[in-house]
Amino acid sequence: MNDTLSKVLIVDDDEEIRDLLSRYLKQHSYDVNAVANGDEMRRALESGEPDIIILDLMLPGDSGLTLCRDLRARSDTPIIMLTARGDEMDRIVGLEMGADDYLPKPFNPRELLARMKVILRRARSMPKGHVPEQARFISFASWRLDTVERQLISLEGVVVALSASEYRLLRVFLDYPNRVLSRDQLMDQMHGRQGEAFDRSIDVQISRLRQRLGDDAREPVLIKTVRQEGYIFSINAMVEK
């Protein structure tokens, strides 16, 4: 796959970093737009979706985490988060909000470029799911998933809000029901990257999603654990037009 037409949006309030990355990525044949804050990012997005967004965590006004959450609520555009803070909790929170990767400052532009290429390649080659993206509601078991509001609705009308990571995890399961998915496959489908050491946190996300669905972890009915292999979503979904 040729990346020469890939559009990159950089959101960072550090002018030196914006200029450095813009020059470097343009030298590698990327179409680059660089802005300083969330308001400028929103204006840039009005002219079209980029192929990938490089988003700084520490921004004036809306933080990178807030912008990441808002972006993920409306788009699956890959996001790489940048931050001067190396706290692992920031990294995990960023991924929980829906970021695809995370790079602490200072960083080598070559490493950022390498990560971008991997994410773009996987995003473009990712197999199409079984559930059409345009479907507003997906029904399964005793639930309906609202794919616009990104929330669950029970038969009794109870609304259960989902975090960005919970929604993406559930979508993976709904796209690939009755199929054993390893932890690495789940992370790859959720974030477009291979799992890392701390990505055993997928087990925590599974636990949270089970709680949202009322699926007993001791005897799960929907999300079942397959010993030494991964998880399987034992249900068929029905798309509502």
# chains A, B, ... in the order shown; residues from 1 in each chain; ligands from 1
$ select_by_dssp --residues "region 74-219 of chain A" --states "strand (DSSP E or B)" --output "ChimeraX atom specification"
/A:79-83,101-104,137-140,143-146,151-154,159-161,181
$ write_last_selection --atoms "N, CA and C atoms" --output "PDB file, in the first residue's frame"
ATOM      1  N   ILE A  79      -5.426   7.584  15.790  1.00  0.00           N
ATOM      2  CA  ILE A  79      -4.883   8.677  16.604  1.00  0.00           C
ATOM      3  C   ILE A  79      -3.622   8.200  17.317  1.00  0.00           C
ATOM      4  N   ILE A  80      -2.546   8.962  17.179  1.00  0.00           N
ATOM      5  CA  ILE A  80      -1.338   8.745  17.979  1.00  0.00           C
ATOM      6  C   ILE A  80      -1.224   9.911  18.945  1.00  0.00           C
ATOM      7  N   MET A  81      -1.141   9.616  20.242  1.00  0.00           N
ATOM      8  CA  MET A  81      -1.051  10.670  21.242  1.00  0.00           C
ATOM      9  C   MET A  81       0.399  10.934  21.613  1.00  0.00           C
ATOM     10  N   LEU A  82       0.713  12.225  21.790  1.00  0.00           N
ATOM     11  CA  LEU A  82       2.039  12.647  22.217  1.00  0.00           C
ATOM     12  C   LEU A  82       1.927  13.312  23.589  1.00  0.00           C
ATOM     13  N   THR A  83       2.913  13.113  24.447  1.00  0.00           N
ATOM     14  CA  THR A  83       2.899  13.791  25.727  1.00  0.00           C
ATOM     15  C   THR A  83       4.300  13.915  26.287  1.00  0.00           C
ATOM     16  N   ASP A 101      -2.184   4.614  19.480  1.00  0.00           N
ATOM     17  CA  ASP A 101      -0.810   4.443  19.966  1.00  0.00           C
ATOM     18  C   ASP A 101      -0.447   5.674  20.774  1.00  0.00           C
ATOM     19  N   TYR A 102       0.714   5.613  21.404  1.00  0.00           N
ATOM     20  CA  TYR A 102       1.108   6.628  22.376  1.00  0.00           C
ATOM     21  C   TYR A 102       2.618   6.771  22.321  1.00  0.00           C
ATOM     22  N   LEU A 103       3.108   8.011  22.218  1.00  0.00           N
ATOM     23  CA  LEU A 103       4.547   8.233  22.113  1.00  0.00           C
ATOM     24  C   LEU A 103       4.947   9.370  23.050  1.00  0.00           C
ATOM     25  N   PRO A 104       5.797   9.085  24.064  1.00  0.00           N
ATOM     26  CA  PRO A 104       6.215  10.142  25.001  1.00  0.00           C
ATOM     27  C   PRO A 104       7.280  11.040  24.387  1.00  0.00           C
ATOM     28  N   PHE A 137     -28.736   0.620  14.798  1.00  0.00           N
ATOM     29  CA  PHE A 137     -28.929  -0.253  15.947  1.00  0.00           C
ATOM     30  C   PHE A 137     -28.520  -1.687  15.625  1.00  0.00           C
ATOM     31  N   ILE A 138     -27.910  -2.345  16.595  1.00  0.00           N
ATOM     32  CA  ILE A 138     -27.558  -3.749  16.492  1.00  0.00           C
ATOM     33  C   ILE A 138     -28.155  -4.447  17.711  1.00  0.00           C
ATOM     34  N   SER A 139     -29.001  -5.425  17.471  1.00  0.00           N
ATOM     35  CA  SER A 139     -29.653  -6.145  18.560  1.00  0.00           C
ATOM     36  C   SER A 139     -28.962  -7.476  18.812  1.00  0.00           C
ATOM     37  N   PHE A 140     -28.798  -7.815  20.086  1.00  0.00           N
ATOM     38  CA  PHE A 140     -28.235  -9.107  20.467  1.00  0.00           C
ATOM     39  C   PHE A 140     -28.677  -9.410  21.894  1.00  0.00           C
ATOM     40  N   TRP A 143     -30.182  -6.929  24.466  1.00  0.00           N
ATOM     41  CA  TRP A 143     -29.650  -5.579  24.316  1.00  0.00           C
ATOM     42  C   TRP A 143     -29.813  -5.053  22.897  1.00  0.00           C
ATOM     43  N   ARG A 144     -29.809  -3.715  22.800  1.00  0.00           N
ATOM     44  CA  ARG A 144     -29.665  -3.016  21.524  1.00  0.00           C
ATOM     45  C   ARG A 144     -28.502  -2.061  21.687  1.00  0.00           C
ATOM     46  N   LEU A 145     -27.599  -2.059  20.706  1.00  0.00           N
ATOM     47  CA  LEU A 145     -26.482  -1.128  20.712  1.00  0.00           C
ATOM     48  C   LEU A 145     -26.790   0.009  19.759  1.00  0.00           C
ATOM     49  N   ASP A 146     -26.775   1.220  20.296  1.00  0.00           N
ATOM     50  CA  ASP A 146     -26.944   2.420  19.482  1.00  0.00           C
ATOM     51  C   ASP A 146     -25.558   2.843  19.015  1.00  0.00           C
ATOM     52  N   GLN A 151     -24.167   3.664  22.997  1.00  0.00           N
ATOM     53  CA  GLN A 151     -24.684   3.233  24.284  1.00  0.00           C
ATOM     54  C   GLN A 151     -25.562   1.998  24.109  1.00  0.00           C
ATOM     55  N   LEU A 152     -25.686   1.255  25.205  1.00  0.00           N
ATOM     56  CA  LEU A 152     -26.523   0.060  25.224  1.00  0.00           C
ATOM     57  C   LEU A 152     -27.912   0.422  25.746  1.00  0.00           C
ATOM     58  N   ILE A 153     -28.927  -0.266  25.202  1.00  0.00           N
ATOM     59  CA  ILE A 153     -30.300  -0.064  25.656  1.00  0.00           C
ATOM     60  C   ILE A 153     -30.883  -1.445  25.956  1.00  0.00           C
ATOM     61  N   SER A 154     -31.350  -1.635  27.182  1.00  0.00           N
ATOM     62  CA  SER A 154     -31.914  -2.923  27.572  1.00  0.00           C
ATOM     63  C   SER A 154     -33.359  -3.032  27.090  1.00  0.00           C
ATOM     64  N   VAL A 159     -30.681   2.702  29.784  1.00  0.00           N
ATOM     65  CA  VAL A 159     -29.562   3.112  28.936  1.00  0.00           C
ATOM     66  C   VAL A 159     -28.250   2.953  29.705  1.00  0.00           C
ATOM     67  N   VAL A 160     -27.296   2.266  29.090  1.00  0.00           N
ATOM     68  CA  VAL A 160     -25.982   2.046  29.697  1.00  0.00           C
ATOM     69  C   VAL A 160     -24.927   2.699  28.814  1.00  0.00           C
ATOM     70  N   ALA A 161     -24.267   3.730  29.343  1.00  0.00           N
ATOM     71  CA  ALA A 161     -23.224   4.413  28.583  1.00  0.00           C
ATOM     72  C   ALA A 161     -21.973   3.552  28.514  1.00  0.00           C
ATOM     73  N   LEU A 181     -11.160 -15.186  19.535  1.00  0.00           N
ATOM     74  CA  LEU A 181     -10.238 -14.087  19.267  1.00  0.00           C
ATOM     75  C   LEU A 181      -9.206 -14.033  20.385  1.00  0.00           C
TER      76      LEU A 181
END
$ residues_around --residues "Leu186 (chain A)" --least-positions-apart "2" --cutoff "12 Å" --atoms "only C-alpha atoms" --output "number ranges by chain"
A: 165-166, 168-173, 175-176, 179-184, 188-195, 199-203, 205-206, 229-233
$ select_by_dssp --residues "region 127-195 of chain A" --states "helix (DSSP H, G or I)" --output "number ranges by chain"
A: 164-175, 183-191
$ write_last_selection --atoms "C-alpha atoms" --output "CSV table (one decimal), in the first residue's frame"
chain,number,residue,atom,x,y,z
A,164,ALA,CA,-14.6,4.5,24.0
A,165,SER,CA,-12.7,1.3,24.7
A,166,GLU,CA,-15.8,-0.6,25.8
A,167,TYR,CA,-17.6,0.4,22.6
A,168,ARG,CA,-14.8,-0.6,20.3
A,169,LEU,CA,-14.3,-3.9,22.1
A,170,LEU,CA,-18.0,-4.7,21.8
A,171,ARG,CA,-18.0,-3.8,18.1
A,172,VAL,CA,-15.2,-6.2,17.5
A,173,PHE,CA,-17.2,-9.0,19.2
A,174,LEU,CA,-20.3,-8.0,17.2
A,175,ASP,CA,-18.3,-8.0,14.0
A,183,ARG,CA,-5.9,-11.0,23.2
A,184,ASP,CA,-3.5,-9.8,20.5
A,185,GLN,CA,-6.2,-10.0,17.8
A,186,LEU,CA,-8.6,-8.0,20.0
A,187,MET,CA,-6.0,-5.3,20.6
A,188,ASP,CA,-5.1,-5.3,16.9
A,189,GLN,CA,-8.7,-4.9,15.9
A,190,MET,CA,-9.4,-2.3,18.6
A,191,HIS,CA,-6.2,-0.2,18.1
$ atom_distance --atom1 "CA of Asp56 (chain A)" --atom2 "CA of Val11 (chain A)"
6.0 Å
$ closest_residue --among "A:Val93, A:Ala73, A:Met58, A:Ile10" --to "Glu149 (chain A)" --atoms "only C-alpha atoms"
A:Ala73
$ closest_atom_pairs --of "region 89-119 of chain A" --to "region 41-52 of chain A" --cutoff "12 Å" --atoms "only C-alpha atoms" --output "CSV"
residue,atom,partner,partner_atom,distance
A:Ala99,CA,A:Ile52,CA,10.8
A:Asp100,CA,A:Ile52,CA,9.9
A:Asp101,CA,A:Ile52,CA,11.1
A:Leu112,CA,A:Ile52,CA,11.9
A:Leu113,CA,A:Ile52,CA,11.4
A:Arg115,CA,A:Ile52,CA,11.1
A:Met116,CA,A:Ile52,CA,7.8
A:Lys117,CA,A:Ile52,CA,10.0
A:Val118,CA,A:Ile52,CA,11.4
A:Ile119,CA,A:Ile52,CA,8.6
$ closest_residue --among "A:Gly94, A:Pro220, A:Pro60, A:Pro106" --to "Ser163 (chain A)" --atoms "only C-alpha atoms"
A:Gly94
$ atom_distance --atom1 "CA of Asn108 (chain A)" --atom2 "CA of Arg18 (chain A)"
13.7 Å
$ atom_distance --atom1 "CA of Asp216 (chain A)" --atom2 "CA of Ile235 (chain A)"
15.3 Å
